[in-house]
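> This structure is in structure tokens; I'll ask about it shortly.
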Amino acid sequence: MDRFEYFSSCVYRDEQPDWVAHTQQVVQKYYNAVASNNAVDQTAHMANEPELKFLVDYLVLASDTILRDQGYDMDKYELYVSGLWGQDVKCNGSTNVHVHKNSQICGWFFLETPEGGAYPVYHEPRMNKQMIELDFVHSSTLTNASSSVHFDNVKPGTILMANSWIQHQLHQSNSQAQTKSVHFIVSHKDR
């Protein structure tokens, strides 16, 4: 029998460990401004921070490349980082499953990733599949029946990017040390 795969959902990964120390130093003042006893602290928007321009430029260029490779006519659009926040996830903290409307690409840049800390999970995006889901064999190998993918191997410097319509979250942290990341969204406007 022939097999055809359509409507794939891609997650892109890059490693930039050399950017961690500088980014962490810049983002720390934003973390300090919102420090609380909450399980998750999220900073103010940081895309206009001059010292993070290198990261903003990278995210725009990488997003443009991703969307062009996916077949979008990016000559018609200008991309910009519409959301860039530090996220500090403490023990028992997590984020809810969510998507980012009015944007195209979203993801994380990880700064601190302790053993047992929070990590990203991407969920099955096909709503109709979820409505008629069968029980599936749980395995460490992903199959077409899998309902989520757990990136429990992120490390400082890991950048994950995906289309903003893919449901994602940070899985609950079981570490006394904090997981710190920069969560971002990239949006578009007509040229």
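Order determines the names: the first chain of the structure tokens is A, the second B, and so forth; residues in each chain are numbered 1 upward, and ligands are numbered 1 upward as they are shown.
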Skipping near chain neighbours, those fewer than 3 positions away, what residues fall within 12 Å of region 27-31 of chain A using only C-alpha atoms, listed as JSON, numbers by chain?

{"A": [19, 20, 21, 22, 23, 24, 34, 35, 36, 40, 41, 42, 43, 44, 45, 46, 47, 49, 50, 51, 52, 55, 84, 85, 86, 87, 88, 89, 109, 110, 111, 112, 178, 180, 181, 182, 183]}

> Could you turn the residues from that selection into a file that holds N, CA, C and O atoms, as a compact mmCIF listing (two decimals), in the first residue's frame?


```txt
# COMPACT_ATOMS: atom_id res chain seq x y z
N TRP A 19 24.75 32.36 23.44
CA TRP A 19 23.88 33.51 23.68
C TRP A 19 23.29 33.52 25.09
O TRP A 19 22.69 34.51 25.50
N VAL A 20 23.45 32.44 25.83
CA VAL A 20 22.75 32.29 27.11
C VAL A 20 23.22 33.31 28.15
O VAL A 20 22.39 33.99 28.76
N ALA A 21 24.50 33.42 28.39
CA ALA A 21 25.01 34.29 29.47
C ALA A 21 24.57 35.74 29.27
O ALA A 21 24.06 36.37 30.20
N HIS A 22 24.76 36.26 28.07
CA HIS A 22 24.36 37.65 27.81
C HIS A 22 22.85 37.83 27.95
O HIS A 22 22.39 38.77 28.60
N THR A 23 22.09 36.92 27.33
CA THR A 23 20.63 37.04 27.39
C THR A 23 20.14 36.95 28.82
O THR A 23 19.28 37.73 29.26
N GLN A 24 20.70 36.03 29.58
CA GLN A 24 20.29 35.87 30.97
C GLN A 24 20.58 37.13 31.78
O GLN A 24 19.76 37.56 32.60
N VAL A 34 9.36 41.40 38.38
CA VAL A 34 8.10 40.67 38.58
C VAL A 34 8.23 39.54 39.59
O VAL A 34 7.29 38.76 39.77
N ALA A 35 9.37 39.43 40.24
CA ALA A 35 9.60 38.32 41.17
C ALA A 35 8.47 38.23 42.19
O ALA A 35 8.07 39.23 42.79
N SER A 36 7.95 37.01 42.37
CA SER A 36 6.84 36.80 43.30
C SER A 36 6.93 35.38 43.85
O SER A 36 7.85 34.63 43.54
N VAL A 40 4.70 30.56 38.45
CA VAL A 40 5.27 31.03 37.18
C VAL A 40 5.24 32.55 37.17
O VAL A 40 4.21 33.16 37.43
N ASP A 41 6.38 33.16 36.90
CA ASP A 41 6.45 34.61 36.72
C ASP A 41 6.73 34.88 35.24
O ASP A 41 7.56 34.19 34.63
N GLN A 42 6.04 35.86 34.70
CA GLN A 42 6.27 36.26 33.31
C GLN A 42 6.59 37.74 33.29
O GLN A 42 5.88 38.54 33.88
N THR A 43 7.65 38.11 32.59
CA THR A 43 8.11 39.49 32.56
C THR A 43 7.29 40.33 31.60
O THR A 43 6.46 39.84 30.84
N ALA A 44 7.59 41.61 31.60
CA ALA A 44 7.04 42.53 30.61
C ALA A 44 7.65 42.19 29.24
O ALA A 44 8.67 41.50 29.15
N HIS A 45 7.05 42.72 28.20
CA HIS A 45 7.51 42.56 26.82
C HIS A 45 8.92 43.15 26.68
O HIS A 45 9.17 44.26 27.15
N MET A 46 9.83 42.41 26.03
CA MET A 46 11.23 42.83 25.97
C MET A 46 11.76 43.03 24.55
O MET A 46 12.95 43.25 24.37
N ALA A 47 10.91 42.95 23.52
CA ALA A 47 11.41 43.01 22.14
C ALA A 47 12.06 44.34 21.80
O ALA A 47 12.87 44.41 20.88
N GLU A 49 14.07 45.95 23.83
CA GLU A 49 15.31 46.04 24.61
C GLU A 49 16.50 46.04 23.64
O GLU A 49 16.73 45.04 22.93
N PRO A 50 17.26 47.13 23.57
CA PRO A 50 18.38 47.20 22.62
C PRO A 50 19.37 46.05 22.75
O PRO A 50 19.91 45.57 21.75
N GLU A 51 19.61 45.59 23.96
CA GLU A 51 20.59 44.52 24.16
C GLU A 51 20.09 43.14 23.72
O GLU A 51 20.85 42.18 23.73
N LEU A 52 18.81 43.05 23.34
CA LEU A 52 18.26 41.80 22.82
C LEU A 52 17.98 41.87 21.32
O LEU A 52 17.37 40.97 20.75
N LEU A 55 18.78 38.80 19.28
CA LEU A 55 17.81 37.71 19.41
C LEU A 55 16.56 38.01 18.59
O LEU A 55 16.06 37.13 17.87
N LEU A 84 7.74 38.96 23.49
CA LEU A 84 9.03 38.43 23.95
C LEU A 84 9.06 38.62 25.46
O LEU A 84 9.18 39.74 25.95
N TRP A 85 8.88 37.51 26.19
CA TRP A 85 8.78 37.59 27.64
C TRP A 85 9.72 36.59 28.29
O TRP A 85 9.90 35.48 27.78
N GLY A 86 10.27 36.96 29.42
CA GLY A 86 10.98 35.99 30.23
C GLY A 86 9.96 35.18 31.01
O GLY A 86 8.98 35.74 31.51
N GLN A 87 10.17 33.87 31.09
CA GLN A 87 9.31 33.02 31.91
C GLN A 87 10.19 32.32 32.93
O GLN A 87 11.21 31.74 32.59
N ASP A 88 9.77 32.40 34.19
CA ASP A 88 10.49 31.80 35.32
C ASP A 88 9.53 30.80 35.96
O ASP A 88 8.55 31.20 36.58
N VAL A 89 9.80 29.51 35.78
CA VAL A 89 8.92 28.46 36.27
C VAL A 89 9.56 27.80 37.48
O VAL A 89 10.64 27.23 37.39
N PHE A 109 13.39 30.22 23.99
CA PHE A 109 14.85 30.18 24.07
C PHE A 109 15.15 29.88 25.53
O PHE A 109 14.82 30.68 26.41
N PHE A 110 15.74 28.73 25.82
CA PHE A 110 15.94 28.29 27.20
C PHE A 110 17.26 28.80 27.77
O PHE A 110 18.30 28.74 27.12
N LEU A 111 17.17 29.33 28.99
CA LEU A 111 18.32 29.91 29.68
C LEU A 111 18.80 29.03 30.83
O LEU A 111 20.00 28.91 31.05
N GLU A 112 17.88 28.46 31.60
CA GLU A 112 18.20 27.54 32.70
C GLU A 112 17.26 26.36 32.62
O GLU A 112 16.05 26.53 32.57
N GLN A 178 14.81 26.73 39.35
CA GLN A 178 13.89 27.34 38.39
C GLN A 178 14.28 27.05 36.94
O GLN A 178 15.47 27.00 36.62
N LYS A 180 14.20 28.75 33.43
CA LYS A 180 14.08 30.11 32.89
C LYS A 180 14.21 30.06 31.38
O LYS A 180 15.09 29.39 30.84
N SER A 181 13.32 30.81 30.73
CA SER A 181 13.32 30.84 29.28
C SER A 181 12.78 32.19 28.80
O SER A 181 12.26 32.98 29.58
N VAL A 182 12.95 32.41 27.52
CA VAL A 182 12.34 33.55 26.84
C VAL A 182 11.32 32.94 25.89
O VAL A 182 11.66 32.16 25.01
N HIS A 183 10.04 33.27 26.10
CA HIS A 183 8.95 32.80 25.24
C HIS A 183 8.67 33.92 24.25
O HIS A 183 8.70 35.09 24.63
```

> Residues within 7 Å of region 1-11 of chain A, please, as a PyMOL selection string. Count only C-alpha atoms; anything in the same chain fewer than 2 positions from it doesn't count.

chain A and resi 13+160-162

> Write a file of the just-selected residues containing all heavy atoms, as a compact mmCIF listing (two decimals), in the first residue's frame.


```
# COMPACT_ATOMS: atom_id res chain seq x y z
N ARG A 13 14.34 23.11 15.83
CA ARG A 13 15.23 23.22 16.98
C ARG A 13 16.58 23.76 16.54
O ARG A 13 17.12 23.36 15.50
CB ARG A 13 15.40 21.85 17.64
CG ARG A 13 16.26 21.89 18.88
CD ARG A 13 16.29 20.54 19.57
NE ARG A 13 17.06 20.62 20.79
CZ ARG A 13 16.83 19.87 21.85
NH1 ARG A 13 15.87 18.97 21.84
NH2 ARG A 13 17.57 20.00 22.92
N LEU A 160 13.39 26.46 20.42
CA LEU A 160 12.35 25.70 19.73
C LEU A 160 11.40 26.69 19.07
O LEU A 160 11.02 27.70 19.68
CB LEU A 160 11.57 24.82 20.70
CG LEU A 160 12.35 23.67 21.33
CD1 LEU A 160 11.46 22.92 22.33
CD2 LEU A 160 12.87 22.71 20.28
N MET A 161 11.00 26.38 17.83
CA MET A 161 10.08 27.24 17.09
C MET A 161 9.06 26.36 16.39
O MET A 161 9.41 25.28 15.90
CB MET A 161 10.84 28.07 16.06
CG MET A 161 11.90 28.98 16.66
SD MET A 161 12.87 29.87 15.42
CE MET A 161 11.77 31.23 15.08
N ALA A 162 7.82 26.83 16.33
CA ALA A 162 6.75 26.11 15.63
C ALA A 162 5.70 27.11 15.20
O ALA A 162 5.67 28.25 15.67
CB ALA A 162 6.15 25.04 16.54
```

> If you run DSSP over the backbone, which residues in region 59-144 of chain A end up alpha helix (DSSP H)? Put them as a ChimeraX atom specification.

/A:59-69,127-131

> Between A:Pro125, A:Gly83, A:Pro120, A:Pro17, single out the one closest to His150 (chain A), counting only C-alpha atoms.

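When distances to His150 (chain A) are compared using only C-alpha atoms, the smallest one comes from A:Pro120.
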
> Would you kindly return, as a list in words, each protein, DNA or RNA residue with an atom no farther than 7 Å from any atom of Val99 (chain A), considering only C-alpha atoms and excluding same-chain residues fewer than 5 positions away?

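Near Val99 (chain A), the qualifying residues are Ser164, Trp165, Ile166, Gln167 and His168 of chain A.
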
> For Ser94 (chain A), please output as a list in words all residues within 8 Å (counting only C-alpha atoms; exclusion window: fewer than 2 positions along the same chain).

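Within the cut-off, the hits are Ala39, Val40, Val89, Asn92, Asn96, Ala118, Gln169, Leu170, His171, Gln172 and Ser173 of chain A.
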
> Taking C-alpha atoms for each residue, export the selection above as a PDB file, in the first residue's frame.


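See part-v9.pdb below for the written result:
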```
ATOM      1  CA  ALA A  39       4.624  29.214  40.478  1.00  0.00           C
ATOM      2  CA  VAL A  40       5.268  31.028  37.177  1.00  0.00           C
ATOM      3  CA  VAL A  89       8.918  28.458  36.269  1.00  0.00           C
ATOM      4  CA  ASN A  92       5.161  22.674  40.646  1.00  0.00           C
ATOM      5  CA  ASN A  96      -1.622  25.955  30.402  1.00  0.00           C
ATOM      6  CA  ALA A 118       9.681  22.461  33.239  1.00  0.00           C
ATOM      7  CA  GLN A 169       2.747  24.378  27.111  1.00  0.00           C
ATOM      8  CA  LEU A 170       5.527  24.101  29.656  1.00  0.00           C
ATOM      9  CA  HIS A 171       5.154  20.822  31.536  1.00  0.00           C
ATOM     10  CA  GLN A 172       5.082  20.945  35.328  1.00  0.00           C
ATOM     11  CA  SER A 173       8.429  21.458  37.009  1.00  0.00           C
TER      12      SER A 173
END
```

> Can you list every residue in region 43-84 of chain A that DSSP puts in strand (DSSP E or B), as a ChimeraX atom specification?

/A:77-84

> Find the residue from A:Met127, A:Val81, A:Cys91, A:Ile132 that sits nearest to Asn37 (chain A); use only C-alpha atoms when measuring.

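For Asn37 (chain A), the nearest of the candidates is A:Cys91.
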
> For a test of reading the model, state the distance in Å between CA of Asp64 (chain A) and CA of Tyr119 (chain A), rounded to one decimal.

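These atoms are spaced 25.3 Å apart.
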
> For a test of reading the model, state the distance in Å between CA of Glu15 (chain A) and CA of Arg68 (chain A), rounded to one decimal.

21.1 Å

> Could you check which of A:Lys53, A:Asn128, A:Thr141, A:Leu59 is closest to Ile159 (chain A), using only C-alpha atoms?

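For Ile159 (chain A), the nearest of the given residues is A:Leu59.
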
> When distances are computed from only C-alpha atoms, which of A:Val154, A:Ala33, A:Val26, A:Cys106 shows the smallest separation from Val186 (chain A)?

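Nearest to Val186 (chain A): A:Cys106.
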
> By how many Å are CA of His188 (chain A) and CA of Ser103 (chain A) apart?

6.7 Å

> Have a look at A:Ser147, A:Ser82, A:Asn153, A:Asn38 and name the one nearest to Phe184 (chain A); count only C-alpha atoms.

A:Ser82
